[in-house]
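Next up, protein29.csv (CSV, C-alpha atoms):
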chain,number,residue,atom,x,y,z
K,1,MET,CA,4.8,-11.5,24.2
K,2,THR,CA,2.3,-14.0,22.9
K,3,THR,CA,2.6,-14.8,19.2
K,4,PRO,CA,-0.8,-15.7,17.6
K,5,THR,CA,-0.8,-18.6,15.1
K,6,ARG,CA,-2.6,-18.9,11.8
K,7,GLU,CA,-4.8,-21.6,13.4
K,8,GLN,CA,-5.8,-19.3,16.2
K,9,LEU,CA,-6.8,-16.5,13.8
K,10,SER,CA,-8.8,-19.0,11.7
K,11,GLN,CA,-10.8,-20.1,14.7
K,12,VAL,CA,-11.5,-16.5,15.7
K,13,LEU,CA,-12.5,-15.4,12.2
K,14,ASN,CA,-14.7,-18.4,11.8
K,15,ARG,CA,-16.9,-17.0,14.6
K,16,ILE,CA,-18.0,-14.3,12.2
K,17,ARG,CA,-21.0,-15.6,10.2
K,18,ASP,CA,-21.4,-15.5,6.5
K,19,PRO,CA,-24.8,-13.7,6.1
K,20,LYS,CA,-25.6,-15.8,3.0
K,21,SER,CA,-24.8,-19.3,4.1
K,22,GLY,CA,-24.9,-18.9,7.9
K,23,ARG,CA,-21.6,-20.7,8.2
K,24,GLY,CA,-18.4,-19.3,9.7
K,25,VAL,CA,-16.5,-17.2,7.1
K,26,VAL,CA,-13.5,-19.6,7.1
K,27,GLU,CA,-15.8,-22.6,6.8
K,28,ALA,CA,-17.6,-20.8,4.0
K,29,GLY,CA,-14.4,-20.3,2.1
K,30,LEU,CA,-14.5,-16.5,2.2
K,31,ILE,CA,-11.1,-15.9,3.9
K,32,GLN,CA,-8.2,-16.1,1.4
K,33,GLY,CA,-4.5,-15.5,1.8
K,34,LEU,CA,-4.5,-15.5,5.6
K,35,VAL,CA,-1.0,-14.5,6.8
K,36,VAL,CA,0.2,-14.2,10.4
K,37,LYS,CA,3.7,-12.9,10.9
K,38,ASP,CA,5.3,-11.2,14.0
K,39,GLY,CA,2.0,-9.8,15.2
K,40,ARG,CA,0.9,-8.6,11.7
K,41,VAL,CA,-2.2,-10.2,10.2
K,42,GLY,CA,-3.4,-9.9,6.6
K,43,PHE,CA,-6.2,-11.6,4.7
K,44,MET,CA,-8.8,-10.9,2.0
K,45,ILE,CA,-12.5,-11.7,1.8
K,46,GLU,CA,-13.6,-12.7,-1.7
K,47,VAL,CA,-17.3,-12.4,-2.5
K,48,ALA,CA,-19.5,-12.0,-5.6
K,49,ALA,CA,-19.8,-8.5,-6.9
K,50,ASP,CA,-23.6,-8.3,-6.6
K,51,VAL,CA,-23.5,-8.9,-2.8
K,52,ALA,CA,-20.3,-6.9,-2.1
K,53,PRO,CA,-22.0,-4.0,-0.2
K,54,LEU,CA,-23.5,-6.6,2.2
K,55,TYR,CA,-20.0,-7.9,3.1
K,56,GLU,CA,-18.3,-4.6,4.1
K,57,ALA,CA,-19.8,-5.1,7.6
K,58,VAL,CA,-18.4,-8.7,7.6
K,59,ARG,CA,-14.9,-7.3,6.6
K,60,ALA,CA,-15.1,-4.8,9.4
K,61,ALA,CA,-16.2,-7.4,11.9
K,62,CYS,CA,-13.4,-9.8,10.9
K,63,GLU,CA,-10.8,-7.0,11.2
K,64,LYS,CA,-12.1,-6.1,14.6
K,65,ALA,CA,-12.1,-9.7,15.8
K,66,ALA,CA,-8.6,-10.3,14.5
K,67,ARG,CA,-7.3,-7.1,16.2
K,68,ALA,CA,-8.7,-8.3,19.5
K,69,VAL,CA,-6.6,-11.4,19.5
K,70,ARG,CA,-3.8,-11.2,22.0
K,71,GLY,CA,-0.4,-10.5,20.3
K,72,VAL,CA,-1.9,-9.0,17.2
K,73,GLU,CA,-0.4,-5.5,16.5
K,74,ALA,CA,-1.9,-4.7,13.1
K,75,VAL,CA,-4.5,-6.1,10.7
K,76,THR,CA,-4.9,-5.6,7.0
K,77,ALA,CA,-8.3,-6.9,5.8
K,78,VAL,CA,-9.2,-6.4,2.1
K,79,LEU,CA,-12.6,-7.0,0.6
K,80,THR,CA,-12.6,-8.0,-3.1
K,81,ALA,CA,-15.4,-9.0,-5.4
K,82,GLU,CA,-15.6,-11.4,-8.3
K,83,GLY,CA,-17.3,-9.9,-11.4
K,84,SER,CA,-19.3,-11.9,-13.9
K,85,GLY,CA,-16.1,-12.5,-16.0
K,86,GLY,CA,-14.3,-14.0,-13.0
K,87,ALA,CA,-11.9,-11.1,-12.6
K,88,PRO,CA,-11.6,-9.9,-9.0
K,89,ARG,CA,-11.9,-6.2,-8.4
K,90,PRO,CA,-12.2,-3.9,-5.3
K,91,ALA,CA,-15.7,-4.4,-3.9
K,92,ARG,CA,-16.3,-0.8,-2.9
K,93,ALA,CA,-15.2,0.5,-6.4
K,94,SER,CA,-17.3,-2.0,-8.3
K,95,ALA,CA,-20.6,-1.7,-6.5
K,96,GLY,CA,-23.2,0.0,-8.7
K,97,LEU,CA,-20.9,0.6,-11.7
K,98,ARG,CA,-22.2,-0.5,-15.0
K,99,LYS,CA,-20.1,1.5,-17.5
K,100,GLU,CA,-16.5,2.3,-17.8
K,101,VAL,CA,-15.2,4.8,-15.2
K,102,LEU,CA,-13.0,7.6,-16.3
K,103,PRO,CA,-11.1,10.1,-14.1
K,104,GLU,CA,-12.3,13.6,-14.0
K,105,ARG,CA,-11.7,16.6,-11.8
K,106,GLY,CA,-13.5,16.7,-8.5
K,107,THR,CA,-13.1,15.9,-4.8
K,108,HIS,CA,-13.4,12.1,-4.5
K,109,ALA,CA,-9.7,11.5,-4.3
K,110,GLN,CA,-8.5,11.2,-0.7
K,111,ALA,CA,-6.1,13.6,1.0
K,112,LEU,CA,-3.9,12.3,3.8
K,113,PRO,CA,-4.3,14.2,7.1
K,114,GLY,CA,-1.3,16.4,7.9
K,115,VAL,CA,0.3,15.7,4.5
K,116,GLY,CA,0.9,18.7,2.2
K,117,ALA,CA,2.1,17.6,-1.3
K,118,ILE,CA,2.0,13.9,-2.5
K,119,VAL,CA,4.5,13.3,-5.3
K,120,ALA,CA,4.6,10.0,-7.2
K,121,VAL,CA,8.0,8.9,-8.6
K,122,ALA,CA,7.4,6.5,-11.5
K,123,SER,CA,8.9,4.9,-14.6
K,124,GLY,CA,7.4,3.3,-17.6
K,125,LYS,CA,9.6,0.2,-17.2
K,126,GLY,CA,11.9,-1.4,-14.6
K,127,GLY,CA,15.6,-1.3,-14.4
K,128,VAL,CA,16.0,2.5,-14.7
K,129,GLY,CA,16.9,3.1,-11.0
K,130,LYS,CA,13.6,4.7,-10.1
K,131,SER,CA,13.7,3.6,-6.4
K,132,THR,CA,17.3,4.9,-6.0
K,133,VAL,CA,16.1,8.2,-7.4
K,134,ALA,CA,13.0,8.3,-5.2
K,135,VAL,CA,15.0,7.6,-2.0
K,136,ASN,CA,17.7,10.2,-2.8
K,137,LEU,CA,15.1,12.8,-4.0
K,138,ALA,CA,13.2,12.4,-0.7
K,139,LEU,CA,16.5,12.8,1.3
K,140,ALA,CA,17.4,15.8,-0.9
K,141,LEU,CA,14.0,17.4,0.0
K,142,THR,CA,14.8,16.9,3.7
K,143,ARG,CA,18.1,18.8,3.2
K,144,LEU,CA,16.0,21.7,1.9
K,145,GLY,CA,14.3,21.8,5.2
K,146,LYS,CA,11.2,19.9,4.2
K,147,ARG,CA,9.4,17.4,6.4
K,148,VAL,CA,9.4,14.4,4.2
K,149,GLY,CA,7.9,10.9,4.1
K,150,LEU,CA,8.6,8.1,1.7
K,151,MET,CA,6.0,5.4,0.8
K,152,ASP,CA,7.2,2.3,-1.0
K,153,ALA,CA,4.3,1.4,-3.3
K,154,ASP,CA,6.1,-1.5,-5.0
K,155,ILE,CA,4.1,-4.3,-3.5
K,156,TYR,CA,5.8,-7.0,-5.5
K,157,GLY,CA,9.4,-5.8,-5.2
K,158,PRO,CA,9.8,-3.4,-2.2
K,159,SER,CA,13.3,-2.0,-2.0
K,160,VAL,CA,13.0,1.0,0.3
K,161,PRO,CA,14.0,-1.0,3.4
K,162,HIS,CA,17.2,-2.1,1.8
K,163,LEU,CA,18.0,1.3,0.3
K,164,LEU,CA,17.6,3.0,3.7
K,165,GLY,CA,19.2,0.2,5.7
K,166,LEU,CA,16.1,-0.3,7.7
K,167,SER,CA,14.9,-3.5,9.3
K,168,GLY,CA,12.4,-4.7,11.9
K,169,ARG,CA,8.7,-4.1,12.1
K,170,PRO,CA,6.8,-0.8,12.5
K,171,ARG,CA,5.0,-0.3,15.8
K,172,SER,CA,1.4,0.6,16.5
K,173,ALA,CA,0.5,2.6,19.5
K,174,ASP,CA,-3.2,2.0,19.3
K,175,GLY,CA,-3.4,-1.3,17.3
K,176,LYS,CA,-5.0,0.6,14.4
K,177,MET,CA,-2.4,3.0,12.9
K,178,LEU,CA,1.2,2.1,12.1
K,179,GLU,CA,4.1,4.3,13.0
K,180,PRO,CA,6.5,4.9,10.1
K,181,MET,CA,10.1,3.8,10.4
K,182,GLU,CA,12.7,6.6,10.4
K,183,ARG,CA,16.2,7.1,9.2
K,184,TYR,CA,18.2,10.1,8.0
K,185,GLY,CA,15.4,12.4,9.1
K,186,LEU,CA,13.0,10.6,6.7
K,187,LYS,CA,9.8,8.8,7.6
K,188,ALA,CA,9.3,5.6,5.6
K,189,MET,CA,6.7,2.9,5.1
K,190,SER,CA,6.9,-0.2,3.0
K,191,ILE,CA,5.2,-3.6,2.7
K,192,GLY,CA,8.7,-4.9,3.0
K,193,PHE,CA,8.6,-4.1,6.7
K,194,LEU,CA,5.6,-6.4,7.1
K,195,ILE,CA,6.6,-9.5,5.1
K,196,ASP,CA,9.6,-11.7,5.0
K,197,ARG,CA,12.4,-10.3,2.9
K,198,ASP,CA,12.6,-13.3,0.7
K,199,ALA,CA,8.9,-14.1,0.6
K,200,PRO,CA,7.1,-13.1,-2.7
K,201,ALA,CA,3.9,-11.1,-2.5
K,202,VAL,CA,1.7,-13.5,-4.6
K,203,TRP,CA,-1.3,-11.2,-4.7
K,204,ARG,CA,-3.7,-10.5,-7.5
K,205,GLY,CA,-4.0,-6.9,-8.7
K,206,PRO,CA,-7.1,-5.8,-6.7
K,207,VAL,CA,-5.8,-7.4,-3.5
K,208,ALA,CA,-2.4,-5.6,-3.9
K,209,THR,CA,-4.1,-2.2,-4.6
K,210,GLY,CA,-6.4,-2.7,-1.6
K,211,ALA,CA,-3.6,-3.6,0.7
K,212,LEU,CA,-1.5,-0.7,-0.5
K,213,HIS,CA,-4.3,1.8,0.0
K,214,GLN,CA,-4.9,0.6,3.5
K,215,LEU,CA,-1.2,0.7,4.2
K,216,LEU,CA,-1.0,4.2,2.9
K,217,THR,CA,-3.9,5.5,4.9
K,218,GLN,CA,-3.4,3.6,8.1
K,219,VAL,CA,0.1,5.1,8.8
K,220,SER,CA,0.6,8.0,11.3
K,221,TRP,CA,2.6,10.2,9.0
K,222,GLY,CA,2.3,13.2,11.3
K,223,ASP,CA,2.8,16.6,9.7
K,224,LEU,CA,4.6,16.3,6.4
K,225,ASP,CA,5.4,18.9,3.7
K,226,VAL,CA,5.9,16.2,1.1
K,227,LEU,CA,5.2,12.5,0.8
K,228,VAL,CA,7.2,10.9,-1.9
K,229,ILE,CA,5.6,7.7,-3.3
K,230,ASP,CA,8.0,5.2,-5.0
K,231,MET,CA,5.7,3.7,-7.6
K,232,PRO,CA,6.1,0.2,-9.1
K,233,PRO,CA,7.4,0.1,-12.6
K,234,GLY,CA,5.0,0.2,-15.5
K,235,THR,CA,1.4,1.6,-15.8
K,236,GLY,CA,-0.8,-1.0,-14.1
K,237,ASP,CA,-3.6,-1.3,-11.5
K,238,ILE,CA,-1.6,0.2,-8.7
K,239,HIS,CA,-0.9,3.4,-10.6
K,240,LEU,CA,-4.5,3.9,-11.7
K,241,SER,CA,-5.8,3.0,-8.2
K,242,LEU,CA,-3.5,5.5,-6.5
K,243,ALA,CA,-4.2,8.2,-9.0
K,244,GLN,CA,-8.0,7.8,-8.5
K,245,ARG,CA,-8.0,7.2,-4.7
K,246,VAL,CA,-5.2,9.5,-3.5
K,247,ALA,CA,-5.0,13.3,-4.2
K,248,LEU,CA,-1.6,13.2,-5.9
K,249,THR,CA,0.0,16.6,-6.3
K,250,GLY,CA,2.0,15.5,-9.3
K,251,ALA,CA,4.2,12.8,-10.8
K,252,ILE,CA,7.9,12.6,-11.7
K,253,ILE,CA,9.0,10.2,-14.5
K,254,VAL,CA,12.4,8.6,-14.3
K,255,SER,CA,14.1,7.3,-17.5
K,256,THR,CA,17.5,6.4,-18.8
K,257,PRO,CA,18.7,7.9,-22.1
K,258,GLN,CA,18.0,4.7,-24.0
K,259,ASP,CA,15.3,4.8,-26.7
K,260,ILE,CA,13.5,1.8,-25.3
K,261,ALA,CA,13.3,3.4,-21.9
K,262,LEU,CA,12.1,6.7,-23.3
K,263,LEU,CA,9.3,4.9,-25.2
K,264,ASP,CA,8.0,3.5,-21.9
K,265,ALA,CA,8.6,6.9,-20.2
K,266,ARG,CA,6.2,8.5,-22.7
K,267,LYS,CA,3.6,5.9,-21.8
K,268,GLY,CA,4.0,6.8,-18.1
K,269,ILE,CA,3.5,10.5,-18.9
K,270,ALA,CA,0.5,9.7,-21.0
K,271,MET,CA,-1.0,7.6,-18.2
K,272,PHE,CA,-0.7,10.3,-15.6
K,273,ARG,CA,-2.1,12.9,-17.9
K,274,LYS,CA,-5.1,10.6,-18.7
K,275,VAL,CA,-6.0,10.5,-15.1
K,276,GLU,CA,-5.4,14.2,-14.8
K,277,VAL,CA,-2.3,14.0,-12.5
K,278,PRO,CA,0.1,16.8,-13.4
K,279,VAL,CA,3.5,15.7,-14.5
K,280,LEU,CA,6.2,17.7,-12.7
K,281,GLY,CA,9.0,16.7,-15.0
K,282,VAL,CA,11.4,14.0,-16.2
K,283,ILE,CA,14.7,12.9,-14.7
K,284,GLU,CA,17.4,11.3,-16.8
K,285,ASN,CA,19.1,8.7,-14.6
K,286,MET,CA,22.4,7.0,-15.6
K,287,SER,CA,22.9,9.9,-17.9
K,288,LEU,CA,26.6,9.4,-18.1
K,289,TYR,CA,29.2,7.2,-16.6
K,290,VAL,CA,31.9,8.8,-14.5
K,291,CYS,CA,35.1,6.7,-14.0
K,292,PRO,CA,35.8,6.7,-10.2
K,293,ASN,CA,39.6,6.6,-10.9
K,294,CYS,CA,40.2,9.1,-13.6
K,295,GLY,CA,37.0,11.0,-13.8
K,296,HIS,CA,36.5,10.2,-17.5
K,297,GLU,CA,32.9,10.6,-18.7
K,298,ALA,CA,31.2,8.1,-21.1
K,299,HIS,CA,27.7,8.0,-22.4
K,300,LEU,CA,27.0,4.3,-22.1
K,301,PHE,CA,23.3,4.5,-22.7
K,302,GLY,CA,23.3,7.6,-24.9
K,303,HIS,CA,22.7,11.1,-23.7
K,304,GLY,CA,20.1,13.8,-23.7
K,305,GLY,CA,17.2,11.6,-24.8
K,306,ALA,CA,15.1,12.4,-21.7
K,307,ARG,CA,15.6,16.1,-22.1
K,308,LYS,CA,14.5,15.9,-25.8
K,309,ALA,CA,11.5,13.8,-24.8
K,310,ALA,CA,10.5,16.2,-22.1
K,311,ALA,CA,10.6,19.1,-24.6
K,312,GLU,CA,8.5,17.2,-27.1
K,313,LEU,CA,5.9,16.3,-24.5
K,314,GLU,CA,6.0,19.9,-23.1
K,315,THR,CA,7.0,18.9,-19.6
K,316,GLU,CA,9.9,20.1,-17.5
K,317,PHE,CA,13.3,18.4,-17.6
K,318,LEU,CA,14.3,18.2,-14.0
K,319,GLY,CA,17.9,17.1,-14.4
K,320,GLU,CA,20.5,14.4,-15.0
K,321,ILE,CA,21.9,11.8,-12.5
K,322,PRO,CA,25.2,10.2,-13.4
K,323,LEU,CA,26.0,6.5,-13.3
K,324,HIS,CA,28.6,6.6,-10.5
K,325,LEU,CA,30.0,4.0,-8.2
K,326,SER,CA,29.1,6.0,-5.1
K,327,ILE,CA,25.4,5.9,-5.9
K,328,ARG,CA,25.5,2.2,-6.4
K,329,GLU,CA,27.5,1.5,-3.3
K,330,GLY,CA,25.3,3.7,-1.2
K,331,SER,CA,22.2,1.9,-2.4
K,332,ASP,CA,23.8,-1.5,-1.6
K,333,ASP,CA,24.9,-0.4,1.8
K,334,GLY,CA,21.7,1.3,2.9
K,335,ALA,CA,23.5,4.7,3.0
K,336,PRO,CA,22.1,6.7,0.0
K,337,VAL,CA,24.6,9.1,-1.5
K,338,VAL,CA,22.6,12.2,-0.5
K,339,ALA,CA,22.8,11.1,3.2
K,340,ALA,CA,26.3,9.7,3.1
K,341,HIS,CA,28.1,12.3,0.9
K,342,PRO,CA,25.9,15.3,0.7
K,343,ALA,CA,28.6,17.6,-0.5
K,344,GLY,CA,29.6,15.3,-3.4
K,345,ALA,CA,28.7,16.0,-7.1
K,346,GLU,CA,26.2,13.1,-7.2
K,347,ALA,CA,24.3,14.4,-4.1
K,348,ARG,CA,24.3,17.9,-5.5
K,349,ALA,CA,22.6,16.6,-8.7
K,350,PHE,CA,19.8,15.2,-6.6
K,351,ILE,CA,19.5,18.4,-4.5
K,352,ALA,CA,19.3,20.5,-7.6
K,353,ILE,CA,16.4,18.4,-8.8
K,354,ALA,CA,14.8,18.6,-5.4
K,355,GLU,CA,15.0,22.4,-5.6
K,356,ARG,CA,13.1,22.4,-8.9
K,357,VAL,CA,10.5,20.0,-7.5
K,358,ALA,CA,10.1,22.1,-4.3
K,359,ALA,CA,9.8,25.3,-6.3
K,360,GLN,CA,6.9,23.8,-8.3
K,361,ILE,CA,5.1,22.6,-5.1
K,362,ASP,CA,5.7,25.9,-3.3
K,363,ALA,CA,4.4,27.9,-6.2
K,364,GLY,CA,1.3,25.8,-6.4
K,365,VAL,CA,2.0,24.9,-10.1
K,366,ALA,CA,0.8,21.3,-9.5
K,367,SER,CA,-1.8,22.0,-6.8
K,368,ARG,CA,-4.8,21.4,-9.0
K,369,PRO,CA,-8.1,19.8,-8.0
K,370,PRO,CA,-7.7,16.0,-7.5
K,371,PRO,CA,-9.3,13.5,-9.9
K,372,ARG,CA,-12.9,12.3,-9.5
K,373,ILE,CA,-14.5,9.0,-10.5
K,374,VAL,CA,-17.6,9.4,-12.6
K,375,ILE,CA,-19.9,7.2,-14.6
K,376,VAL,CA,-20.0,8.1,-18.3
Translate the structure of the given file into structure tokens.
Amino acid sequence: MTTPTREQLSQVLNRIRDPKSGRGVVEAGLIQGLVVKDGRVGFMIEVAADVAPLYEAVRAACEKAARAVRGVEAVTAVLTAEGSGGAPRPARASAGLRKEVLPERGTHAQALPGVGAIVAVASGKGGVGKSTVAVNLALALTRLGKRVGLMDADIYGPSVPHLLGLSGRPRSADGKMLEPMERYGLKAMSIGFLIDRDAPAVWRGPVATGALHQLLTQVSWGDLDVLVIDMPPGTGDIHLSLAQRVALTGAIIVSTPQDIALLDARKGIAMFRKVEVPVLGVIENMSLYVCPNCGHEAHLFGHGGARKAAAELETEFLGEIPLHLSIREGSDDGAPVVAAHPAGAEARAFIAIAERVAAQIDAGVASRPPPRIVIV
């Protein structure tokens, strides 16, 4: 198979004219961050905010031209706009907005064809085992008979490929939509499948959110009961963008019992409530340490803090996950504990949480109207 080069793509893209200067888009300096790897092409087009609507046609033309190059399997083309303050922002979202935008109920958030519920798994800070929880929760839902997909939304630190033991590149039957990777009966997609494992994603916020949104919506998920989204840690651009663009059914907050983690977990809950995404509950990870030799239990990070915080914030406490060697080993080996040892106590803890989440989804507790973007 012919492998296109960066130079070839630059020449092809430069045939598209910048409507403002009349020069090729590469020569005019519009194409930024061009990446060509194993048939996957990605780039962004940076323009001034006041001309952004004019350049959507240019973005589409560039994407079409790149996709026509022999050997190209998929293209991610993101249009971003520089505001008067020099801060880049998604061009489509910025056009015509003069005041602050706040989320409100409505129908502007996008549903995904064939996907029932979309559940975000988030944490206020890193290091609490959120991705491990997200993967095992998704697998636990499959054990309940659900058709489940898992989206890795951590652009800067994707870990789902490693946690599931997946490698290689996703295929595309039509050159437009990617086919998710599959393992343990779970469909998965991650930016980690499209970039080198050791290569950092040095992208500014709007570029990352734009690429993530295209990745999420340009995947042939098929018919799913639940799509679990492993969110990046914190409460930044990606969280707000997904909450505003995608019709999230609800969010789950993962925390450890430590006070510092709970402070950040509270921020995560507040953020989702601010954008009117229902919070399905809180999970306390690393709740207690279980010695693999003698079974002795110790509360290394405290205990019960997440349950108390959930009660104070009037949200459901979904359950506790122990700090156990089998969970860590499964994560390192690409064999999550729910898949590798489904009858074990650790897997049963995830399955019990999955049952509570599924009950909320099936009962329609979280199926409220999605958020809407309005000018105030």
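Comparing the minimum interatomic distances between Leu240 of chain K and each of K:Leu163, K:Ala120, K:Leu323, K:Asp152, counting only C-alpha atoms, we find that K:Ala120 sits nearest.
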*Which protein, DNA or RNA residues have an atom at most 10 Å from (-13.4, -17.8, 5.5), counting all atoms listed in the file? List them as a VMD selection string.*
chain K and resid 10 to 11 13 to 18 23 to 34 43 to 46 62
Min atom-atom distance to Thr315 of chain K from the set K:Arg169, K:Ile283, K:Glu329, K:Ala188, counting only C-alpha atoms, belongs to K:Ile283
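Using all atoms listed in the file, the smallest distance between any of K:Ile191, K:Ala122, K:Leu227, K:Ala134 and Arg40 of chain K comes from K:Ile191.
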If you count only C-alpha atoms, the residue of K:Gln8, K:Thr217, K:Ser21, K:Asn136 closest to Arg348 of chain K turns out to be K:Asn136
Within 10 Å of Arg67 of chain K using only C-alpha atoms, minus same-chain residues under 5 positions, as a list in words
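In the requested form, the answer reads Leu9, Gly39, Arg40, Val41, Ala61, Cys62, Val72, Glu73, Ala74, Val75, Thr76, Gly175 and Lys176 of chain K.
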Would you write out those residues with C-alpha atoms, as a PDB file, in the frame of the given file?
ATOM      1  CA  LEU K   9      -6.800 -16.500  13.800  1.00  0.00           C
ATOM      2  CA  GLY K  39       2.000  -9.800  15.200  1.00  0.00           C
ATOM      3  CA  ARG K  40       0.900  -8.600  11.700  1.00  0.00           C
ATOM      4  CA  VAL K  41      -2.200 -10.200  10.200  1.00  0.00           C
ATOM      5  CA  ALA K  61     -16.200  -7.400  11.900  1.00  0.00           C
ATOM      6  CA  CYS K  62     -13.400  -9.800  10.900  1.00  0.00           C
ATOM      7  CA  VAL K  72      -1.900  -9.000  17.200  1.00  0.00           C
ATOM      8  CA  GLU K  73      -0.400  -5.500  16.500  1.00  0.00           C
ATOM      9  CA  ALA K  74      -1.900  -4.700  13.100  1.00  0.00           C
ATOM     10  CA  VAL K  75      -4.500  -6.100  10.700  1.00  0.00           C
ATOM     11  CA  THR K  76      -4.900  -5.600   7.000  1.00  0.00           C
ATOM     12  CA  GLY K 175      -3.400  -1.300  17.300  1.00  0.00           C
ATOM     13  CA  LYS K 176      -5.000   0.600  14.400  1.00  0.00           C
TER      14      LYS K 176
END
### Message
Within 10 Å of (10.8, 13.0, -16.0) in the file's own coordinates, which protein, DNA or RNA residues have an atom, counting only C-alpha atoms? List them as a PyMOL selection string.
### Response
chain K and resi 121-123+251-256+262+265-266+268-269+279-285+306-307+309-310+315-320
Work out how far atom CA of Ala57 of chain K is from atom CA of Thr5 of chain K, in Å to one decimal.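 It comes out at 24.5 Å.
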For Ala111 of chain K, the closest of K:Ala247, K:Ser287, K:Ser331, K:Glu346 counting all atoms listed in the file is K:Ala247
Among K:Arg59, K:Lys37, K:Lys130, K:Lys20, Met231 of chain K is approached most closely, using only C-alpha atoms, by K:Lys130
Inset, instruction - Give me, please, the distance in Å between atom CA of Val12 of chain K and atom CA of Ala52 of chain K, quoted to one decimal. - result: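 Going from atom CA of Val12 of chain K over to atom CA of Ala52 of chain K, I get 22.1 Å.
Our summary of the geometry notes that atom CA of Met177 of chain K is positioned 16.5 Å from atom CA of Leu150 of chain K.
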| said: What's around Lys187 of chain K at 7 Å? Count all atoms listed in the file, leave out sequence neighbours fewer than 5 positions away in its own chain, and write the answer as a list in words. | reply: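 Contacts, in chain order: Val148, Gly149, Leu150, Pro180, Met181 and Glu182 of chain K.
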Could those selected residues go to a file with C-alpha atoms, as an mmCIF file, in the coordinates of the input?
data_model
loop_
_atom_site.group_PDB
_atom_site.id
_atom_site.type_symbol
_atom_site.label_atom_id
_atom_site.label_comp_id
_atom_site.auth_asym_id
_atom_site.auth_seq_id
_atom_site.Cartn_x
_atom_site.Cartn_y
_atom_site.Cartn_z
ATOM 1 C CA VAL K 148 9.400 14.400 4.200
ATOM 2 C CA GLY K 149 7.900 10.900 4.100
ATOM 3 C CA LEU K 150 8.600 8.100 1.700
ATOM 4 C CA PRO K 180 6.500 4.900 10.100
ATOM 5 C CA MET K 181 10.100 3.800 10.400
ATOM 6 C CA GLU K 182 12.700 6.600 10.400
#
Is there a way to complete segment 161-175 of chain K with N, CA and C atoms and then write that out as an mmCIF file, in the coordinates of the input?
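Once everything was written out, this is selection35.cif:
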data_model
loop_
_atom_site.group_PDB
_atom_site.id
_atom_site.type_symbol
_atom_site.label_atom_id
_atom_site.label_comp_id
_atom_site.auth_asym_id
_atom_site.auth_seq_id
_atom_site.Cartn_x
_atom_site.Cartn_y
_atom_site.Cartn_z
ATOM 1 N N PRO K 161 13.269 -0.577 2.222
ATOM 2 C CA PRO K 161 14.000 -1.000 3.400
ATOM 3 C C PRO K 161 15.457 -1.235 3.207
ATOM 4 N N HIS K 162 15.799 -1.874 2.082
ATOM 5 C CA HIS K 162 17.200 -2.100 1.800
ATOM 6 C C HIS K 162 17.957 -0.843 1.483
ATOM 7 N N LEU K 163 17.337 0.027 0.681
ATOM 8 C CA LEU K 163 18.000 1.300 0.300
ATOM 9 C C LEU K 163 18.270 2.181 1.461
ATOM 10 N N LEU K 164 17.409 2.133 2.473
ATOM 11 C CA LEU K 164 17.600 3.000 3.700
ATOM 12 C C LEU K 164 18.290 2.242 4.796
ATOM 13 N N GLY K 165 18.581 0.957 4.602
ATOM 14 C CA GLY K 165 19.200 0.200 5.700
ATOM 15 C C GLY K 165 18.350 0.010 6.875
ATOM 16 N N LEU K 166 17.039 -0.144 6.647
ATOM 17 C CA LEU K 166 16.100 -0.300 7.700
ATOM 18 C C LEU K 166 15.654 -1.757 7.869
ATOM 19 N N SER K 167 15.448 -2.197 9.093
ATOM 20 C CA SER K 167 14.900 -3.500 9.300
ATOM 21 C C SER K 167 14.003 -3.492 10.541
ATOM 22 N N GLY K 168 13.372 -4.612 10.832
ATOM 23 C CA GLY K 168 12.400 -4.700 11.900
ATOM 24 C C GLY K 168 11.018 -4.372 11.471
ATOM 25 N N ARG K 169 10.116 -4.277 12.422
ATOM 26 C CA ARG K 169 8.700 -4.100 12.100
ATOM 27 C C ARG K 169 8.218 -2.752 12.673
ATOM 28 N N PRO K 170 7.356 -2.067 11.947
ATOM 29 C CA PRO K 170 6.800 -0.800 12.500
ATOM 30 C C PRO K 170 5.892 -1.086 13.669
ATOM 31 N N ARG K 171 5.859 -0.169 14.592
ATOM 32 C CA ARG K 171 5.000 -0.300 15.800
ATOM 33 C C ARG K 171 3.672 0.348 15.589
ATOM 34 N N SER K 172 2.758 -0.003 16.472
ATOM 35 C CA SER K 172 1.400 0.600 16.500
ATOM 36 C C SER K 172 1.051 0.919 17.903
ATOM 37 N N ALA K 173 0.827 2.201 18.172
ATOM 38 C CA ALA K 173 0.500 2.600 19.500
ATOM 39 C C ALA K 173 -0.913 2.228 19.933
ATOM 40 N N ASP K 174 -1.832 2.246 18.957
ATOM 41 C CA ASP K 174 -3.200 2.000 19.300
ATOM 42 C C ASP K 174 -3.783 0.719 18.638
ATOM 43 N N GLY K 175 -2.946 -0.038 17.936
ATOM 44 C CA GLY K 175 -3.400 -1.300 17.300
ATOM 45 C C GLY K 175 -4.141 -0.986 15.984
#
